[in-house]
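Novice: Structure supplied as target-v1.pdb; contents: PDB, C-alpha atoms.
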ATOM      1  CA  MET A 244     -55.341 -25.584  -4.613
ATOM      2  CA  LYS A 245     -52.001 -27.226  -5.449
ATOM      3  CA  LEU A 246     -51.804 -25.237  -8.697
ATOM      4  CA  LYS A 247     -52.475 -21.983  -6.838
ATOM      5  CA  ARG A 248     -49.762 -22.774  -4.294
ATOM      6  CA  LYS A 249     -47.351 -23.601  -7.111
ATOM      7  CA  ASN A 250     -48.115 -20.301  -8.832
ATOM      8  CA  ILE A 251     -47.477 -18.398  -5.605
ATOM      9  CA  ILE A 252     -44.113 -20.139  -5.180
ATOM     10  CA  LEU A 253     -43.159 -19.364  -8.777
ATOM     11  CA  LEU A 254     -44.222 -15.743  -8.294
ATOM     12  CA  CYS A 255     -42.087 -15.437  -5.131
ATOM     13  CA  ILE A 256     -39.101 -16.952  -6.927
ATOM     14  CA  SER A 257     -39.571 -14.550  -9.828
ATOM     15  CA  LEU A 258     -39.818 -11.540  -7.516
ATOM     16  CA  LEU A 259     -36.731 -12.647  -5.589
ATOM     17  CA  SER A 260     -34.811 -13.072  -8.851
ATOM     18  CA  ILE A 261     -35.855  -9.616 -10.012
ATOM     19  CA  ILE A 262     -34.761  -8.108  -6.697
ATOM     20  CA  CYS A 263     -31.381  -9.869  -6.841
ATOM     21  CA  ILE A 264     -30.800  -8.784 -10.438
ATOM     22  CA  THR A 265     -31.790  -5.204  -9.605
ATOM     23  CA  ILE A 266     -29.395  -5.108  -6.646
ATOM     24  CA  ALA A 267     -26.592  -6.521  -8.818
ATOM     25  CA  ILE A 268     -27.215  -3.892 -11.511
ATOM     26  CA  ILE A 269     -27.214  -1.096  -8.919
ATOM     27  CA  ARG A 270     -23.919  -2.360  -7.472
ATOM     28  CA  ILE A 271     -22.334  -2.557 -10.927
ATOM     29  CA  ILE A 272     -23.437   1.000 -11.705
ATOM     30  CA  GLN A 273     -22.128   2.209  -8.336
ATOM     31  CA  TRP A 274     -18.816   0.390  -8.897
ATOM     32  CA  GLN A 275     -18.443   2.018 -12.309
ATOM     33  CA  ASN A 276     -19.287   5.458 -10.902
ATOM     34  CA  ASP A 277     -16.771   5.016  -8.098
ATOM     35  CA  ASN A 278     -14.124   4.007 -10.645
ATOM     36  CA  LYS A 279     -14.835   7.097 -12.736
ATOM     37  CA  HIS A 280     -14.589   9.356  -9.705
ATOM     38  CA  THR A 281     -11.320   7.741  -8.597
ATOM     39  CA  LYS A 282      -9.776   8.182 -12.038
ATOM     40  CA  LYS A 283     -10.995  11.791 -12.079
ATOM     41  CA  MET A 284      -9.291  12.397  -8.728
ATOM     42  CA  VAL A 285      -6.068  10.803  -9.982
ATOM     43  CA  ASP A 286      -6.144  13.026 -13.095
ATOM     44  CA  GLU A 287      -6.768  16.171 -11.022
ATOM     45  CA  ILE A 288      -3.904  15.315  -8.692
ATOM     46  CA  SER A 289      -1.506  14.637 -11.582
ATOM     47  CA  GLN A 290      -2.270  18.096 -12.991
ATOM     48  CA  ILE A 291      -1.335  19.963  -9.804
ATOM     49  CA  VAL A 292       1.526  17.809  -8.485
ATOM     50  CA  ASP A 293       4.998  17.427  -9.885
ATOM     51  CA  VAL A 294       6.739  14.325  -8.532
ATOM     52  CA  GLN A 295      10.374  15.309  -8.891
ATOM     53  CA  GLU A 296      13.328  12.949  -8.917
ATOM     54  CA  VAL A 297      16.219  14.418  -6.946
ATOM     55  CA  THR A 298      19.873  13.484  -6.975
ATOM     56  CA  ASP A 299      21.579  12.815  -3.659
ATOM     57  CA  PRO A 300      21.769  16.038  -1.599
ATOM     58  CA  ASP A 301      24.517  16.840   0.901
ATOM     59  CA  ASP A 302      22.425  15.633   3.843
ATOM     60  CA  MET A 303      21.446  12.332   2.194
ATOM     61  CA  GLU A 304      21.999   9.386   4.549
ATOM     62  CA  VAL A 305      22.583   5.761   3.555
ATOM     63  CA  VAL A 306      21.347   3.440   6.294
ATOM     64  CA  GLU A 307      24.308   1.412   7.523
ATOM     65  CA  GLN A 308      24.177  -2.313   6.785
ATOM     66  CA  VAL A 309      25.345  -4.441   9.705
ATOM     67  CA  GLU A 310      26.231  -7.428   7.556
ATOM     68  CA  GLU A 311      28.513  -7.116   4.546
ATOM     69  CA  VAL A 312      26.649  -6.854   1.237
ATOM     70  CA  GLU A 313      28.209  -8.655  -1.729
ATOM     71  CA  GLU A 314      29.307  -6.498  -4.652
ATOM     72  CA  SER A 315      26.969  -8.421  -6.955
ATOM     73  CA  ASN A 316      23.926  -7.616  -4.812
ATOM     74  CA  PRO A 317      21.586  -5.101  -6.524
ATOM     75  CA  TYR A 318      21.532  -3.182  -3.211
ATOM     76  CA  TRP A 319      24.501  -1.213  -4.562
ATOM     77  CA  ASP A 320      22.389  -0.132  -7.523
ATOM     78  CA  TYR A 321      19.440   0.765  -5.319
ATOM     79  CA  ILE A 322      21.313   3.234  -3.124
ATOM     80  CA  LYS A 323      22.333   5.092  -6.283
ATOM     81  CA  MET A 324      18.690   5.552  -7.309
ATOM     82  CA  ASN A 325      17.173   9.013  -7.089
ATOM     83  CA  LEU A 326      14.753   9.885  -4.328
ATOM     84  CA  ILE A 327      11.407  11.525  -5.099
ATOM     85  CA  HIS A 328      10.370  14.924  -3.781
ATOM     86  CA  VAL A 329       6.798  16.221  -3.638
ATOM     87  CA  ASP A 330       5.549  19.690  -2.697
ATOM     88  CA  PHE A 331       2.485  19.015  -0.532
ATOM     89  CA  GLY A 332       1.054  22.559  -0.583
ATOM     90  CA  GLU A 333      -1.633  22.020  -3.238
ATOM     91  CA  LEU A 334      -2.386  18.490  -2.010
ATOM     92  CA  LYS A 335      -3.037  19.771   1.495
ATOM     93  CA  ASN A 336      -5.350  22.410   0.086
ATOM     94  CA  MET A 337      -7.353  19.571  -1.467
ATOM     95  CA  ASN A 338      -7.134  17.386   1.632
ATOM     96  CA  PRO A 339      -5.389  18.533   4.846
ATOM     97  CA  SER A 340      -5.054  14.853   5.855
ATOM     98  CA  THR A 341      -2.397  14.299   3.168
ATOM     99  CA  VAL A 342       0.794  12.960   4.781
ATOM    100  CA  GLY A 343       2.918  11.572   1.939
ATOM    101  CA  TRP A 344       3.398  10.215  -1.550
ATOM    102  CA  ILE A 345       4.180   6.593  -2.486
ATOM    103  CA  GLN A 346       5.685   5.197  -5.685
ATOM    104  CA  VAL A 347       6.120   1.450  -6.302
ATOM    105  CA  ASN A 348       8.148   0.305  -9.303
ATOM    106  CA  GLY A 349       6.463  -2.193 -11.610
ATOM    107  CA  THR A 350       2.944  -1.172 -10.538
ATOM    108  CA  ASN A 351       0.480   1.685 -11.084
ATOM    109  CA  ILE A 352       1.001   2.865  -7.498
ATOM    110  CA  ASN A 353       1.982   6.522  -7.690
ATOM    111  CA  TYR A 354      -0.343   8.359  -5.312
ATOM    112  CA  PRO A 355      -0.544  10.691  -2.354
ATOM    113  CA  PHE A 356      -1.524   8.910   0.843
ATOM    114  CA  VAL A 357      -3.578  10.218   3.745
ATOM    115  CA  GLN A 358      -4.110   9.471   7.440
ATOM    116  CA  ALA A 359      -7.295   9.506   9.516
ATOM    117  CA  ASN A 360      -8.101   8.884  13.180
ATOM    118  CA  ASP A 361      -8.881   5.240  12.401
ATOM    119  CA  ASN A 362      -8.286   2.613   9.720
ATOM    120  CA  GLN A 363     -11.894   2.643   8.503
ATOM    121  CA  TYR A 364     -12.635   6.088   7.070
ATOM    122  CA  TYR A 365     -10.581   5.857   3.876
ATOM    123  CA  LEU A 366     -11.892   2.398   3.098
ATOM    124  CA  THR A 367     -15.047   4.163   1.924
ATOM    125  CA  HIS A 368     -13.918   7.722   1.130
ATOM    126  CA  SER A 369     -11.911   9.139  -1.740
ATOM    127  CA  PHE A 370      -9.110  11.712  -1.593
ATOM    128  CA  ASP A 371     -11.658  14.562  -1.625
ATOM    129  CA  LYS A 372     -13.480  12.859   1.299
ATOM    130  CA  SER A 373     -16.539  12.054  -0.818
ATOM    131  CA  TYR A 374     -18.106   8.633  -0.211
ATOM    132  CA  ASN A 375     -16.533   6.091  -2.556
ATOM    133  CA  SER A 376     -16.235   2.312  -2.236
ATOM    134  CA  ALA A 377     -12.825   2.537  -3.954
ATOM    135  CA  GLY A 378     -11.488   4.370  -0.915
ATOM    136  CA  TRP A 379      -7.983   5.826  -1.002
ATOM    137  CA  VAL A 380      -4.408   4.990  -0.035
ATOM    138  CA  PHE A 381      -3.940   5.585   3.685
ATOM    139  CA  LEU A 382      -1.399   5.340   6.482
ATOM    140  CA  ASP A 383      -2.162   3.350   9.634
ATOM    141  CA  TYR A 384      -3.628   5.771  12.183
ATOM    142  CA  ARG A 385      -1.051   4.675  14.786
ATOM    143  CA  ASN A 386       1.973   5.596  12.679
ATOM    144  CA  ASN A 387       3.930   8.815  13.192
ATOM    145  CA  LEU A 388       5.957   9.873  10.161
ATOM    146  CA  SER A 389       7.830  12.568  12.077
ATOM    147  CA  THR A 390       9.544   9.959  14.251
ATOM    148  CA  LEU A 391       9.195   6.940  11.903
ATOM    149  CA  ASP A 392       7.970   3.820  13.703
ATOM    150  CA  LYS A 393       9.674   0.447  13.404
ATOM    151  CA  ASN A 394       6.861  -0.647  11.066
ATOM    152  CA  THR A 395       5.111   1.919   8.868
ATOM    153  CA  ILE A 396       1.927   0.464   7.338
ATOM    154  CA  ILE A 397       0.075   1.704   4.250
ATOM    155  CA  TYR A 398      -3.234   0.239   3.046
ATOM    156  CA  ALA A 399      -5.542   0.523   0.037
ATOM    157  CA  HIS A 400      -8.183  -1.533  -1.735
ATOM    158  CA  GLY A 401      -7.034  -3.995  -4.419
ATOM    159  CA  ARG A 402      -9.330  -2.629  -7.129
ATOM    160  CA  LEU A 403     -10.046  -4.753 -10.207
ATOM    161  CA  ASP A 404      -9.369  -1.766 -12.475
ATOM    162  CA  THR A 405      -5.824  -1.673 -10.930
ATOM    163  CA  THR A 406      -6.317   1.718  -9.259
ATOM    164  CA  MET A 407      -5.307   2.197  -5.616
ATOM    165  CA  PHE A 408      -3.419  -1.018  -4.688
ATOM    166  CA  GLY A 409      -5.077  -3.063  -7.435
ATOM    167  CA  SER A 410      -1.731  -3.504  -9.210
ATOM    168  CA  LEU A 411       0.079  -4.592  -6.018
ATOM    169  CA  LYS A 412      -0.767  -8.163  -7.073
ATOM    170  CA  ASN A 413       1.969  -7.709  -9.694
ATOM    171  CA  ILE A 414       4.528  -8.425  -6.969
ATOM    172  CA  LEU A 415       3.542 -12.101  -7.024
ATOM    173  CA  SER A 416       4.136 -12.499 -10.766
ATOM    174  CA  SER A 417       7.325 -13.756 -12.381
ATOM    175  CA  GLY A 418       7.384 -10.674 -14.601
ATOM    176  CA  TRP A 419       7.667  -8.365 -11.591
ATOM    177  CA  LEU A 420      10.056 -10.595  -9.680
ATOM    178  CA  ASN A 421      12.400 -11.080 -12.638
ATOM    179  CA  ASN A 422      13.127  -7.342 -12.771
ATOM    180  CA  THR A 423      15.308  -6.424  -9.789
ATOM    181  CA  ASN A 424      14.698  -2.707 -10.453
ATOM    182  CA  ASN A 425      11.211  -3.308  -9.061
ATOM    183  CA  TYR A 426      12.542  -4.102  -5.600
ATOM    184  CA  VAL A 427      12.391  -0.508  -4.359
ATOM    185  CA  ILE A 428       9.690   1.699  -2.863
ATOM    186  CA  LYS A 429       9.986   5.490  -2.844
ATOM    187  CA  LEU A 430       8.234   7.705  -0.307
ATOM    188  CA  SER A 431       8.104  11.453   0.081
ATOM    189  CA  THR A 432       6.681  13.055   3.231
ATOM    190  CA  GLU A 433       6.883  16.504   4.804
ATOM    191  CA  TYR A 434       9.715  15.209   6.984
ATOM    192  CA  GLU A 435      11.809  12.952   4.743
ATOM    193  CA  ASN A 436      12.283  11.566   1.273
ATOM    194  CA  THR A 437      13.094   7.869   1.608
ATOM    195  CA  LEU A 438      14.044   4.763  -0.359
ATOM    196  CA  TRP A 439      13.095   1.249   0.768
ATOM    197  CA  GLN A 440      14.378  -2.154  -0.382
ATOM    198  CA  VAL A 441      11.832  -4.977  -0.692
ATOM    199  CA  PHE A 442      12.620  -8.089   1.357
ATOM    200  CA  SER A 443       9.331 -10.021   1.454
ATOM    201  CA  VAL A 444       6.206 -10.489  -0.694
ATOM    202  CA  TYR A 445       3.375 -12.965  -0.202
ATOM    203  CA  HIS A 446      -0.366 -13.547  -0.067
ATOM    204  CA  ILE A 447      -1.835 -14.998   3.080
ATOM    205  CA  ALA A 448      -5.162 -15.823   4.720
ATOM    206  CA  THR A 449      -6.414 -12.628   6.339
ATOM    207  CA  THR A 450      -4.562 -12.019   9.602
ATOM    208  CA  ASN A 451      -3.404  -9.025  11.622
ATOM    209  CA  ASP A 452      -0.116 -10.462  12.904
ATOM    210  CA  TYR A 453       1.922  -8.272  10.518
ATOM    211  CA  ILE A 454      -0.054  -5.151  11.476
ATOM    212  CA  ARG A 455       2.211  -4.034  14.333
ATOM    213  CA  THR A 456       3.816  -0.634  14.786
ATOM    214  CA  ASN A 457       5.641  -0.958  18.112
ATOM    215  CA  PHE A 458       7.723  -3.657  19.783
ATOM    216  CA  LYS A 459       8.732  -4.445  23.364
ATOM    217  CA  ASN A 460      12.438  -4.765  22.609
ATOM    218  CA  ASN A 461      14.958  -5.432  19.845
ATOM    219  CA  GLN A 462      14.545  -9.197  20.001
ATOM    220  CA  ASN A 463      10.788  -8.860  19.687
ATOM    221  CA  PHE A 464      11.292  -6.760  16.556
ATOM    222  CA  LEU A 465      13.805  -9.214  15.076
ATOM    223  CA  ASP A 466      11.444 -12.136  15.675
ATOM    224  CA  PHE A 467       8.736 -10.163  13.879
ATOM    225  CA  ALA A 468      11.011  -9.257  10.952
ATOM    226  CA  ASN A 469      12.201 -12.853  10.557
ATOM    227  CA  MET A 470       8.585 -14.028  10.490
ATOM    228  CA  LEU A 471       7.902 -11.647   7.612
ATOM    229  CA  MET A 472      11.011 -12.693   5.736
ATOM    230  CA  ASN A 473      10.278 -16.405   6.133
ATOM    231  CA  ARG A 474       6.826 -15.895   4.605
ATOM    232  CA  SER A 475       8.180 -14.478   1.387
ATOM    233  CA  THR A 476       7.462 -16.392  -1.811
ATOM    234  CA  HIS A 477      10.764 -15.077  -3.187
ATOM    235  CA  ASN A 478      14.267 -14.867  -1.738
ATOM    236  CA  PHE A 479      15.397 -11.243  -2.049
ATOM    237  CA  ASN A 480      18.830 -11.961  -0.554
ATOM    238  CA  THR A 481      18.454  -9.328   2.157
ATOM    239  CA  THR A 482      18.962  -9.219   5.906
ATOM    240  CA  ILE A 483      17.200  -7.374   8.731
ATOM    241  CA  ASN A 484      18.844  -6.059  11.899
ATOM    242  CA  GLU A 485      17.540  -4.473  15.082
ATOM    243  CA  ASN A 486      18.199  -0.931  13.808
ATOM    244  CA  ASP A 487      16.132  -1.344  10.643
ATOM    245  CA  HIS A 488      12.791   0.283   9.886
ATOM    246  CA  ILE A 489      10.143  -1.615   7.913
ATOM    247  CA  LEU A 490       7.549  -0.412   5.423
ATOM    248  CA  THR A 491       4.470  -2.639   4.980
ATOM    249  CA  LEU A 492       1.972  -2.421   2.106
ATOM    250  CA  SER A 493      -1.257  -4.382   2.518
ATOM    251  CA  THR A 494      -4.278  -4.992   0.287
ATOM    252  CA  CYS A 495      -6.913  -7.617  -0.487
ATOM    253  CA  TYR A 496      -5.989 -10.596  -2.680
ATOM    254  CA  ASN A 497      -9.565 -11.893  -2.522
ATOM    255  CA  ASP A 498     -12.335 -12.002   0.087
ATOM    256  CA  ARG A 499     -10.269 -14.230   2.390
ATOM    257  CA  GLU A 500      -6.644 -13.378   1.643
ATOM    258  CA  LYS A 501      -4.262 -10.418   1.627
ATOM    259  CA  VAL A 502      -1.355  -9.408  -0.600
ATOM    260  CA  VAL A 503       1.500  -8.029   1.489
ATOM    261  CA  LEU A 504       4.859  -6.413   0.735
ATOM    262  CA  HIS A 505       7.593  -5.538   3.225
ATOM    263  CA  ALA A 506      10.635  -3.343   2.587
ATOM    264  CA  LYS A 507      13.420  -1.910   4.742
ATOM    265  CA  LEU A 508      14.715   1.655   4.795
ATOM    266  CA  ILE A 509      18.068   1.993   2.993
ATOM    267  CA  LYS A 510      18.371   5.713   2.171
ATOM    268  CA  LYS A 511      16.831   8.973   3.380
ATOM    269  CA  GLU A 512      17.000  12.729   3.034
ATOM    270  CA  THR A 513      15.721  15.042   5.763
ATOM    271  CA  ARG A 514      13.569  17.849   4.403
TER     272      ARG A 514
END
Please express the file's structure as structure tokens.
Specialist:
Amino acid sequence: MKLKRKNIILLCISLLSIICITIAIIRIIQWQNDNKHTKKMVDEISQIVDVQEVTDPDDMEVVEQVEEVEESNPYWDYIKMNLIHVDFGELKNMNPSTVGWIQVNGTNINYPFVQANDNQYYLTHSFDKSYNSAGWVFLDYRNNLSTLDKNTIIYAHGRLDTTMFGSLKNILSSGWLNNTNNYVIKLSTEYENTLWQVFSVYHIATTNDYIRTNFKNNQNFLDFANMLMNRSTHNFNTTINENDHILTLSTCYNDREKVVLHAKLIKKETR
């Protein structure tokens, strides 16, 4: 009787192990298939889109700095950098939800980004709207690029193969931080081409306190901006004032933490 019971227990353990192994294999295969599809989408997009660098046009605007910026500050090099310009015609034919293009120096991030009616859809759907655990790069559903909120938020998964925001973890490395040319983000939308200067990078236990798009008043915004700056693992020697606009990039660092980057608008061209 005891031997029979022991055999049953061993059989149950064996079946459970087989089930767990089978599930793991299926997930690995699915992960690999999702990676292949994502890379295919990236290749297709690169073939139809020309991300052009443009020199400063007549209507280019440098955002006024309230506090004096020292001549040695790399800010003076940043405002001389070219903007990027993207024609969204073909991208919108592929996906009408396309709203912009993002380029982050020192990473693999060079993608169109989309916007849905919530912040869930593109966690599990690719650029062509097919189901994909890799998701896509997307703008917070509350943001309005035509008027530009005080905090514009862009999300994507931190994929292990470095697609989407997988390479955003680079911002925490000494290699990325030691190159001041990395401290800029370039965006192109249907409304503006813009350049943003990084002022804060960090990883943090998952929270939503930096996921805000509107503020009660100027002081409320400044308190928020100072909170972001004080979190930074690196001193970027920048300041924030009440007239500034912030760009936030957010992705997973691990199951319990996020990697976050914040930048402020320093130059723009109206399209």
Novice: To test your reading of the syntax: which residues would the PyMOL selection byres ((chain A and resi 281) around 10) return for the file shown? Reply as a list in words.
Specialist: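 The output of the PyMOL selection byres ((chain A and resi 281) around 10) on this file is Gln275, Asn276, Asp277, Asn278, Lys279, His280, Lys282, Lys283, Met284, Val285, Asp286, Glu287, Ser369, Phe370, Asp371, Asn375, Ser376, Ala377, Gly378, Trp379, Thr406 and Met407 of chain A.
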Novice: Can you pull out the residues contacting Arg455 in chain A? Cut-off 9 Å, using all atoms listed in the file, and skip same-chain residues under 2 positions away; I want them as a ChimeraX atom specification.
Specialist: /A:393-396,451-453,457-458,467
Novice: Given the file shown, determine the residues that the PyMOL selection byres ((chain A and resi 356) around 8) selects; report them as a PyMOL selection string.
Specialist: chain A and resi 341-345+354-355+357-358+379-382
Novice: Rounded to one decimal, what separation in Å do you get between CA of Asn362 in chain A and CA of Tyr398 in chain A?
Specialist: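 That distance, rounded to one decimal, is 8.7 Å.
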Novice: Set out as JSON lines a contact list for range 346-433 of chain A and range 474-485 of chain A with a cut-off of 9 Å, giving each residue of range 346-433 of chain A that qualifies its closest atom pair and distance in Å to one decimal, counting all atoms listed in the file, ordered by chain and rising residue number.
Specialist:
{"residue": "A:Leu415", "atom": "CA", "partner": "A:Thr476", "partner_atom": "CA", "distance": 7.8}
{"residue": "A:Leu420", "atom": "CA", "partner": "A:His477", "partner_atom": "CA", "distance": 7.9}
{"residue": "A:Tyr426", "atom": "CA", "partner": "A:Phe479", "partner_atom": "CA", "distance": 8.5}
Novice: Give the answer as one residue: which of A:Thr456, A:Gln273, A:Asn413, A:Thr449 has the shortest atom-to-atom distance to Thr491 in chain A, using only C-alpha atoms?
Specialist: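 That would be A:Thr456, the residue with the smallest distance to Thr491 in chain A.
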Novice: Which value, in Å to one decimal, gives the distance between CA of Leu334 in chain A and CA of Asp293 in chain A?
Specialist: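 If I compute the distance from CA of Leu334 in chain A to CA of Asp293 in chain A, I get 10.8 Å.
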Novice: Just want the 6 Å neighbourhood of Ile327 in chain A, counted on only C-alpha atoms, with same-chain residues fewer than 3 positions away dropped. Output as a PyMOL selection string.
Specialist: chain A and resi 295-297
Novice: Please enumerate the residues selected by the PyMOL selection byres ((chain A and resi 486) around 12) when evaluated against the supplied file, formatted as a short mmCIF file (atom, residue, chain, number, x, y, z; two decimals) with C-alpha atoms, in the coordinates of the input.
Specialist:
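Written output follows (selection_0.cif):
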data_model
loop_
_atom_site.label_atom_id
_atom_site.label_comp_id
_atom_site.auth_asym_id
_atom_site.auth_seq_id
_atom_site.Cartn_x
_atom_site.Cartn_y
_atom_site.Cartn_z
CA VAL A 306 21.35 3.44 6.29
CA GLU A 307 24.31 1.41 7.52
CA GLN A 308 24.18 -2.31 6.78
CA VAL A 309 25.34 -4.44 9.70
CA ASP A 392 7.97 3.82 13.70
CA LYS A 393 9.67 0.45 13.40
CA ASN A 394 6.86 -0.65 11.07
CA ASN A 460 12.44 -4.76 22.61
CA ASN A 461 14.96 -5.43 19.84
CA GLN A 462 14.54 -9.20 20.00
CA PHE A 464 11.29 -6.76 16.56
CA LEU A 465 13.80 -9.21 15.08
CA ALA A 468 11.01 -9.26 10.95
CA THR A 482 18.96 -9.22 5.91
CA ILE A 483 17.20 -7.37 8.73
CA ASN A 484 18.84 -6.06 11.90
CA GLU A 485 17.54 -4.47 15.08
CA ASP A 487 16.13 -1.34 10.64
CA HIS A 488 12.79 0.28 9.89
CA ILE A 489 10.14 -1.62 7.91
CA LYS A 507 13.42 -1.91 4.74
CA LEU A 508 14.72 1.66 4.80
CA ILE A 509 18.07 1.99 2.99
#
